[in-house]
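Shown next: coords.csv, containing CSV, C-alpha atoms and all ligand atoms.
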```csv
chain,number,residue,atom,x,y,z
S,167,MET,CA,0.0,0.0,0.0
S,168,ALA,CA,1.3,3.5,-0.8
S,169,GLU,CA,2.5,5.5,2.2
S,170,MET,CA,-0.3,7.2,4.1
S,171,MET,CA,-0.7,10.7,5.3
S,172,LYS,CA,-0.9,10.9,9.1
S,173,LEU,CA,-3.8,12.7,10.7
S,174,HIS,CA,-3.9,13.6,14.4
S,175,TRP,CA,-7.5,12.6,15.0
S,176,SER,CA,-10.2,12.3,17.6
S,177,PRO,CA,-13.8,11.3,17.3
S,178,ARG,CA,-14.8,14.1,19.6
S,179,SER,CA,-13.4,16.9,17.6
S,180,PRO,CA,-15.7,18.8,15.2
S,181,TYR,CA,-12.7,20.3,13.4
S,182,VAL,CA,-11.3,16.8,12.8
S,183,ARG,CA,-14.7,15.7,11.7
S,184,LYS,CA,-14.8,18.5,9.1
S,185,VAL,CA,-11.6,17.4,7.5
S,186,MET,CA,-12.7,13.8,7.5
S,187,VAL,CA,-16.0,14.7,5.8
S,188,VAL,CA,-14.0,16.6,3.2
S,189,ALA,CA,-11.6,13.7,2.8
S,190,HIS,CA,-14.6,11.3,2.1
S,191,GLU,CA,-16.3,13.8,-0.2
S,192,VAL,CA,-13.2,14.0,-2.4
S,193,GLY,CA,-12.2,10.3,-2.2
S,194,LEU,CA,-9.1,10.7,0.0
S,195,ALA,CA,-10.2,9.0,3.2
S,196,GLU,CA,-8.4,5.8,2.4
S,197,GLN,CA,-5.1,7.6,2.2
S,198,LEU,CA,-5.3,8.8,5.9
S,199,GLU,CA,-3.8,7.0,8.8
S,200,CYS,CA,-5.8,8.4,11.7
S,201,VAL,CA,-3.8,8.6,14.9
S,202,ARG,CA,-5.9,9.0,18.1
S,203,THR,CA,-4.5,12.1,19.7
S,204,VAL,CA,-5.9,13.4,23.0
S,205,VAL,CA,-5.7,17.1,23.6
S,206,GLY,CA,-7.5,19.6,25.8
S,207,GLY,CA,-7.2,20.1,29.5
S,208,THR,CA,-4.1,21.8,30.9
S,209,ALA,CA,-1.4,19.3,30.3
S,210,PRO,CA,0.7,20.2,27.2
S,211,HIS,CA,0.9,17.5,24.5
S,212,LEU,CA,4.6,17.8,23.9
S,213,GLU,CA,4.9,15.3,21.1
S,214,LEU,CA,2.1,17.0,19.1
S,215,MET,CA,3.6,20.4,19.9
S,216,ARG,CA,6.8,19.3,18.1
S,217,GLU,CA,4.7,18.9,15.0
S,218,ASN,CA,2.2,21.8,15.6
S,219,PRO,CA,3.4,24.3,18.2
S,220,LEU,CA,-0.3,25.2,18.8
S,221,GLY,CA,-0.8,21.6,20.1
S,222,LYS,CA,-4.2,21.4,18.3
S,223,ILE,CA,-5.9,18.8,16.2
S,224,PRO,CA,-6.4,18.3,13.3
S,225,THR,CA,-2.8,18.3,12.3
S,226,LEU,CA,-1.8,16.5,9.1
S,227,VAL,CA,1.7,15.1,8.3
S,228,LEU,CA,2.1,14.7,4.5
S,229,ARG,CA,4.0,11.8,2.9
S,230,ASP,CA,7.2,14.0,2.5
S,231,GLY,CA,7.0,15.0,6.2
S,232,THR,CA,5.5,18.4,5.6
S,233,ILE,CA,3.1,19.3,8.4
S,234,ILE,CA,0.0,21.4,7.9
S,235,TYR,CA,-2.8,22.8,10.1
S,236,ASP,CA,-5.4,24.1,10.8
S,237,SER,CA,-8.7,22.4,9.6
S,238,ARG,CA,-9.3,25.0,6.9
S,239,VAL,CA,-5.8,24.6,5.5
S,240,ILE,CA,-6.2,20.8,5.5
S,241,CYS,CA,-9.6,21.0,3.8
S,242,GLU,CA,-8.2,23.3,1.1
S,243,TYR,CA,-5.2,21.0,0.6
S,244,PHE,CA,-7.5,18.0,0.1
S,245,ASP,CA,-9.6,19.9,-2.3
S,246,MET,CA,-6.5,20.6,-4.4
S,247,LEU,CA,-5.6,16.9,-4.6
S,248,HIS,CA,-8.6,15.8,-6.7
S,249,ASP,CA,-10.0,16.5,-10.1
S,250,GLY,CA,-13.8,16.4,-9.3
S,251,PRO,CA,-16.1,19.3,-8.6
S,252,LYS,CA,-14.4,21.6,-6.1
S,253,LEU,CA,-15.6,22.2,-2.6
S,254,PHE,CA,-13.8,25.5,-2.5
S,255,PRO,CA,-15.6,27.1,-5.6
S,256,ALA,CA,-14.3,29.8,-7.9
S,257,TRP,CA,-15.3,33.4,-7.3
S,258,PRO,CA,-17.8,34.8,-6.7
S,259,ASP,CA,-19.4,31.7,-5.1
S,260,ARG,CA,-16.2,31.3,-3.1
S,261,LEU,CA,-16.9,34.4,-1.1
S,262,THR,CA,-20.2,33.0,0.2
S,263,ALA,CA,-18.6,29.6,0.8
S,264,LEU,CA,-15.8,31.1,2.8
S,265,ARG,CA,-18.1,33.3,4.8
S,266,ARG,CA,-20.2,30.3,5.7
S,267,LEU,CA,-17.1,28.3,6.6
S,268,ALA,CA,-16.1,31.2,8.9
S,269,LEU,CA,-19.5,31.3,10.5
S,270,GLY,CA,-19.4,27.5,11.1
S,271,ASP,CA,-15.9,27.6,12.5
S,272,GLY,CA,-16.8,30.7,14.6
S,273,MET,CA,-19.7,28.8,16.1
S,274,LEU,CA,-17.3,25.9,16.9
S,275,ASP,CA,-14.9,28.3,18.6
S,276,ILE,CA,-17.7,29.7,20.8
S,277,ALA,CA,-19.0,26.2,21.5
S,278,LEU,CA,-15.6,24.8,22.5
S,279,ALA,CA,-14.9,27.8,24.8
S,280,SER,CA,-18.3,27.1,26.4
S,281,VAL,CA,-17.5,23.4,26.8
S,282,GLY,CA,-14.1,24.3,28.3
S,283,GLU,CA,-15.8,26.5,30.9
S,284,ARG,CA,-18.0,23.7,32.0
S,285,PHE,CA,-14.9,21.7,33.0
S,286,ARG,CA,-13.9,24.5,35.5
S,287,PRO,CA,-14.6,23.7,39.1
S,288,ALA,CA,-18.1,24.7,40.2
S,289,GLY,CA,-18.1,28.3,41.5
S,290,THR,CA,-15.3,29.4,39.2
S,291,GLN,CA,-17.4,29.2,36.0
S,292,SER,CA,-18.3,32.6,34.5
S,293,GLU,CA,-22.1,32.7,34.2
S,294,PRO,CA,-22.0,36.0,32.2
S,295,HIS,CA,-19.6,34.4,29.6
S,296,MET,CA,-21.8,31.2,29.4
S,297,ALA,CA,-24.8,33.4,28.8
S,298,LEU,CA,-23.0,35.5,26.2
S,299,TRP,CA,-21.8,32.4,24.3
S,300,ARG,CA,-25.3,30.9,24.4
S,301,ALA,CA,-26.8,34.1,23.0
S,302,LYS,CA,-24.2,34.2,20.2
S,303,LEU,CA,-24.9,30.6,19.2
S,304,LEU,CA,-28.6,31.2,19.1
S,305,THR,CA,-28.1,34.4,17.0
S,306,CYS,CA,-26.0,32.4,14.6
S,307,VAL,CA,-28.7,29.8,14.3
S,308,ALA,CA,-31.3,32.5,13.7
S,309,ALA,CA,-29.1,34.1,11.0
S,310,LEU,CA,-28.7,30.6,9.3
S,311,GLU,CA,-32.5,30.1,9.3
S,312,GLY,CA,-32.6,33.2,7.2
S,313,GLU,CA,-30.3,31.6,4.5
S,314,ALA,CA,-31.6,28.1,4.8
S,315,ASP,CA,-33.3,28.2,1.4
S,316,SER,CA,-30.1,29.4,-0.3
S,317,LEU,CA,-28.2,26.6,1.5
S,318,ALA,CA,-30.6,24.0,0.2
S,319,GLU,CA,-30.6,25.4,-3.3
S,320,GLY,CA,-26.9,26.1,-3.8
S,321,THR,CA,-24.1,23.8,-5.0
S,322,PHE,CA,-22.7,21.8,-2.1
S,323,SER,CA,-19.4,23.5,-0.9
S,324,ILE,CA,-17.1,23.8,2.0
S,325,GLY,CA,-19.5,26.4,3.4
S,326,HIS,CA,-22.2,23.8,3.7
S,327,ILE,CA,-19.8,21.5,5.4
S,328,GLY,CA,-18.7,24.2,7.9
S,329,ILE,CA,-22.3,25.0,8.8
S,330,GLY,CA,-23.5,21.4,8.9
S,331,ILE,CA,-20.6,20.4,11.2
S,332,ALA,CA,-21.3,23.3,13.6
S,333,LEU,CA,-25.0,22.4,13.8
S,334,SER,CA,-24.2,18.8,14.5
S,335,TYR,CA,-21.8,19.8,17.2
S,336,LEU,CA,-24.7,21.7,18.9
S,337,ASP,CA,-26.6,18.4,18.9
S,338,PHE,CA,-23.6,16.7,20.4
S,339,ARG,CA,-22.9,19.1,23.3
S,340,PHE,CA,-25.7,21.6,23.5
S,341,GLY,CA,-28.9,19.6,23.3
S,342,ASP,CA,-30.5,22.0,25.8
S,343,LEU,CA,-30.2,24.8,23.2
S,344,GLN,CA,-32.9,23.1,21.1
S,345,TRP,CA,-31.7,25.0,18.1
S,346,ARG,CA,-34.3,23.4,15.8
S,347,GLU,CA,-37.1,25.2,17.7
S,348,GLY,CA,-38.7,27.7,15.2
S,349,ARG,CA,-35.9,26.9,12.7
S,350,ARG,CA,-37.9,24.5,10.4
S,351,ARG,CA,-36.1,25.3,7.2
S,352,LEU,CA,-32.6,25.1,8.7
S,353,ALA,CA,-33.5,21.8,10.4
S,354,ALA,CA,-34.8,20.4,7.1
S,355,TRP,CA,-31.6,21.4,5.3
S,356,HIS,CA,-29.5,19.9,8.2
S,357,ALA,CA,-31.3,16.6,7.9
S,358,THR,CA,-30.0,16.3,4.3
S,359,PHE,CA,-26.5,17.1,5.4
S,360,ASP,CA,-26.7,14.6,8.2
S,361,ALA,CA,-27.7,11.9,5.7
S,362,ARG,CA,-24.7,12.3,3.4
S,363,PRO,CA,-22.5,9.2,3.4
S,364,SER,CA,-19.4,11.3,4.2
S,365,VAL,CA,-21.1,12.6,7.4
S,366,VAL,CA,-22.6,9.2,8.4
S,367,ALA,CA,-19.2,7.6,8.0
S,368,ASN,CA,-17.6,10.1,10.5
S,369,PRO,CA,-19.8,10.3,13.6
S,370,LEU,CA,-18.9,12.4,16.7
S,371,VAL,CA,-18.3,10.0,19.5
S,372,ASP,CA,-17.6,10.8,23.2
S,373,ASP,CA,-15.1,7.9,23.6
S,374,ARG,CA,-13.6,8.8,27.0
U,401,LIG,N1,-8.7,26.6,14.3
U,401,LIG,C1,-8.4,25.2,14.6
U,401,LIG,C2,-9.1,24.8,15.9
U,401,LIG,C3,-8.7,23.4,16.3
U,401,LIG,C4,-9.0,23.1,17.7
U,401,LIG,O1,-9.3,24.0,18.6
U,401,LIG,N2,-9.0,21.8,18.1
U,401,LIG,C5,-9.2,21.4,19.4
U,401,LIG,C6,-9.9,20.0,19.5
U,401,LIG,S1,-11.6,20.1,19.0
U,401,LIG,C7,-7.9,21.3,20.1
U,401,LIG,O2,-7.0,20.8,19.5
U,401,LIG,N3,-7.8,21.7,21.4
U,401,LIG,C8,-6.6,21.6,22.2
U,401,LIG,C9,-6.1,22.9,22.6
U,401,LIG,O3,-6.7,24.0,22.3
U,401,LIG,O4,-5.1,22.9,23.4
U,401,LIG,C10,-8.8,24.4,13.4
U,401,LIG,O5,-9.7,24.8,12.7
U,401,LIG,O6,-8.3,23.3,13.2
```

What does the file become when written as structure tokens?
Amino acid sequence: MAEMMKLHWSPRSPYVRKVMVVAHEVGLAEQLECVRTVVGGTAPHLELMRENPLGKIPTLVLRDGTIIYDSRVICEYFDMLHDGPKLFPAWPDRLTALRRLALGDGMLDIALASVGERFRPAGTQSEPHMALWRAKLLTCVAALEGEADSLAEGTFSIGHIGIGIALSYLDFRFGDLQWREGRRRLAAWHATFDARPSVVANPLVDDR
């Protein structure tokens, strides 16, 4: 078998899930050796930090030893490696796709900050921050409901993947947010995202 690319991977990470979905969409998943890498908490992962000084996943080691991160860079790299329809479209559609990707990634950044806060000892968690992050996530969902029809009609792109991954992460960690309430069109679009083979093949799993 040809040498594989090594992906620092976790089934709990939505950013990792995003690159795995892209890899499946463009037919590259079989070329990835997924190495379970545990990050988070306060202990530095020194081995990972030798490859990515940020100590974050996903981090991808190419066959020639070149190391790339973060998730967006890896997604764009995968999209460059195939000859099919591109997930990063040409201008002007690219602008909308990148803006949607930024919105999805921004939602994940907020969600992960909020999850991190939950792990602080009781009494040291910041209620005002938790409330702010919750309000931002709900505002993002409301904005997305406004473009749900255009999401459903448009050509599938990295923007769709960014948004779909973010909404699925809300299901995974923020069930109490009930983001589907009053968001019928967005929920309908997300159901189609959720049913894609690339998404089904890469579930989020709380494995420890
Ligand atoms: N902007 C990065 C974010 C990646 C990220 O924050 N990953 C989390 C796991 S879901 C992580 O590695 N956290 C460990 C840490 O921040 O120390 C990307 O898009 O790849």

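The shell of residues at most 9 Å from Ile240 in chain S, with only C-alpha atoms counted and near chain neighbours (fewer than 5 positions) removed, consists of S:Val185, S:Pro224, S:Thr225, S:Leu226, S:Ile234, S:Tyr235, S:Asp245.
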
Around ligand LIG 401 (chain U), out to 10 Å and counting all atoms listed in the file, which residues are there? I want them as a PyMOL selection string.
chain S and resi 174-185+203-211+214-215+220-225+235-241+268+271-272+274-275+277-279+282

With C-alpha atoms retained, could you export that selection as an mmCIF file, in the frame of the given file?
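Below is the file that was written, out_20.cif:
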```cif
data_model
loop_
_atom_site.group_PDB
_atom_site.id
_atom_site.type_symbol
_atom_site.label_atom_id
_atom_site.label_comp_id
_atom_site.auth_asym_id
_atom_site.auth_seq_id
_atom_site.Cartn_x
_atom_site.Cartn_y
_atom_site.Cartn_z
ATOM 1 C CA HIS S 174 -3.900 13.600 14.400
ATOM 2 C CA TRP S 175 -7.500 12.600 15.000
ATOM 3 C CA SER S 176 -10.200 12.300 17.600
ATOM 4 C CA PRO S 177 -13.800 11.300 17.300
ATOM 5 C CA ARG S 178 -14.800 14.100 19.600
ATOM 6 C CA SER S 179 -13.400 16.900 17.600
ATOM 7 C CA PRO S 180 -15.700 18.800 15.200
ATOM 8 C CA TYR S 181 -12.700 20.300 13.400
ATOM 9 C CA VAL S 182 -11.300 16.800 12.800
ATOM 10 C CA ARG S 183 -14.700 15.700 11.700
ATOM 11 C CA LYS S 184 -14.800 18.500 9.100
ATOM 12 C CA VAL S 185 -11.600 17.400 7.500
ATOM 13 C CA THR S 203 -4.500 12.100 19.700
ATOM 14 C CA VAL S 204 -5.900 13.400 23.000
ATOM 15 C CA VAL S 205 -5.700 17.100 23.600
ATOM 16 C CA GLY S 206 -7.500 19.600 25.800
ATOM 17 C CA GLY S 207 -7.200 20.100 29.500
ATOM 18 C CA THR S 208 -4.100 21.800 30.900
ATOM 19 C CA ALA S 209 -1.400 19.300 30.300
ATOM 20 C CA PRO S 210 0.700 20.200 27.200
ATOM 21 C CA HIS S 211 0.900 17.500 24.500
ATOM 22 C CA LEU S 214 2.100 17.000 19.100
ATOM 23 C CA MET S 215 3.600 20.400 19.900
ATOM 24 C CA LEU S 220 -0.300 25.200 18.800
ATOM 25 C CA GLY S 221 -0.800 21.600 20.100
ATOM 26 C CA LYS S 222 -4.200 21.400 18.300
ATOM 27 C CA ILE S 223 -5.900 18.800 16.200
ATOM 28 C CA PRO S 224 -6.400 18.300 13.300
ATOM 29 C CA THR S 225 -2.800 18.300 12.300
ATOM 30 C CA TYR S 235 -2.800 22.800 10.100
ATOM 31 C CA ASP S 236 -5.400 24.100 10.800
ATOM 32 C CA SER S 237 -8.700 22.400 9.600
ATOM 33 C CA ARG S 238 -9.300 25.000 6.900
ATOM 34 C CA VAL S 239 -5.800 24.600 5.500
ATOM 35 C CA ILE S 240 -6.200 20.800 5.500
ATOM 36 C CA CYS S 241 -9.600 21.000 3.800
ATOM 37 C CA ALA S 268 -16.100 31.200 8.900
ATOM 38 C CA ASP S 271 -15.900 27.600 12.500
ATOM 39 C CA GLY S 272 -16.800 30.700 14.600
ATOM 40 C CA LEU S 274 -17.300 25.900 16.900
ATOM 41 C CA ASP S 275 -14.900 28.300 18.600
ATOM 42 C CA ALA S 277 -19.000 26.200 21.500
ATOM 43 C CA LEU S 278 -15.600 24.800 22.500
ATOM 44 C CA ALA S 279 -14.900 27.800 24.800
ATOM 45 C CA GLY S 282 -14.100 24.300 28.300
#
```

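Excluding range 193-196 of chain S itself and any same-chain residue fewer than 2 positions from it, the protein and nucleic acid residues within 10 Å of it, counting all atoms listed in the file, are S:Met170, S:Met171, S:Val185, S:Met186, S:Val187, S:Val188, S:Ala189, S:His190, S:Glu191, S:Leu198, S:Glu199, S:Cys200, S:Phe244, S:Asp245, S:Leu247, S:His248, S:Gly250, S:Ser364.
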
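The space separating CA of Lys252 in chain S from CA of Val201 in chain S comes to 26.9 Å.
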
Give the answer as one residue: which of S:Ala256, S:Leu228, S:Leu173, S:Leu352 has the shortest atom-to-atom distance to Ser316 in chain S, using all atoms listed in the file?
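Going through S:Ala256, S:Leu228, S:Leu173, S:Leu352 one by one, the smallest distance to Ser316 in chain S is for S:Leu352.
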
Near range 337-340 of chain S, 12 Å: range 293-321 of chain S residue rows, closest pairs, all atoms listed in the file, as a Markdown table:
```
| residue | atom | partner | partner_atom | distance |
| --- | --- | --- | --- | --- |
| S:Met296 | CA | S:Phe340 | CA | 11.9 |
| S:Trp299 | CA | S:Phe340 | CA | 11.5 |
| S:Arg300 | CA | S:Phe340 | CA | 9.4 |
| S:Leu303 | CA | S:Phe340 | CA | 10.0 |
| S:Leu304 | CA | S:Phe340 | CA | 11.0 |
```

Enter the distance from CA of Asp372 in chain S to CA of Lys172 in chain S, in Å, rounded to one decimal.
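Taking CA of Asp372 in chain S and CA of Lys172 in chain S, their separation equals 21.9 Å.
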
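Between CA of Ile329 in chain S and CA of Arg266 in chain S lies a distance of 6.5 Å.
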
Between S:Leu298, S:Asp230, S:Leu264, S:Val192, which residue has the minimum interatomic distance to Asp249 in chain S, considering all atoms listed in the file?
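Of S:Leu298, S:Asp230, S:Leu264, S:Val192, the one nearest Asp249 in chain S, counting all atoms listed in the file, is S:Val192.
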
As AutoDock Vina command-line options, please: the centre and edge lengths in Å, to one decimal, of an axis-aligned box enclosing every listed atom of range 271-277 of chain S with 3 Å added on each side.
```
--center_x -17.3 --center_y 28.3 --center_z 17.0 --size_x 10.8 --size_y 10.8 --size_z 15.0
```

Sphere at (-26.5, 18.9, 21.1), radius 12 Å, counting only C-alpha atoms: residues as a list of chain:residue names:
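Counting only C-alpha atoms, I find these residues within 12 Å of (-26.5, 18.9, 21.1): S:Ala277, S:Val281, S:Leu303, S:Ile331, S:Ala332, S:Leu333, S:Ser334, S:Tyr335, S:Leu336, S:Asp337, S:Phe338, S:Arg339, S:Phe340, S:Gly341, S:Asp342, S:Leu343, S:Gln344, S:Trp345, S:Arg346, S:Leu370.
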
Excluding Pro255 in chain S and its own-chain neighbours fewer than 6 positions away, which residues fall within 12 Å of it when counting all atoms listed in the file? Please give them as a list in words.
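What passes the distance filter is Glu242, Asp245, Met246, Leu261, Thr262, Ala263, Leu264, Gly320, Thr321, Phe322, Ser323, Ile324, Gly325 and His326 of chain S.
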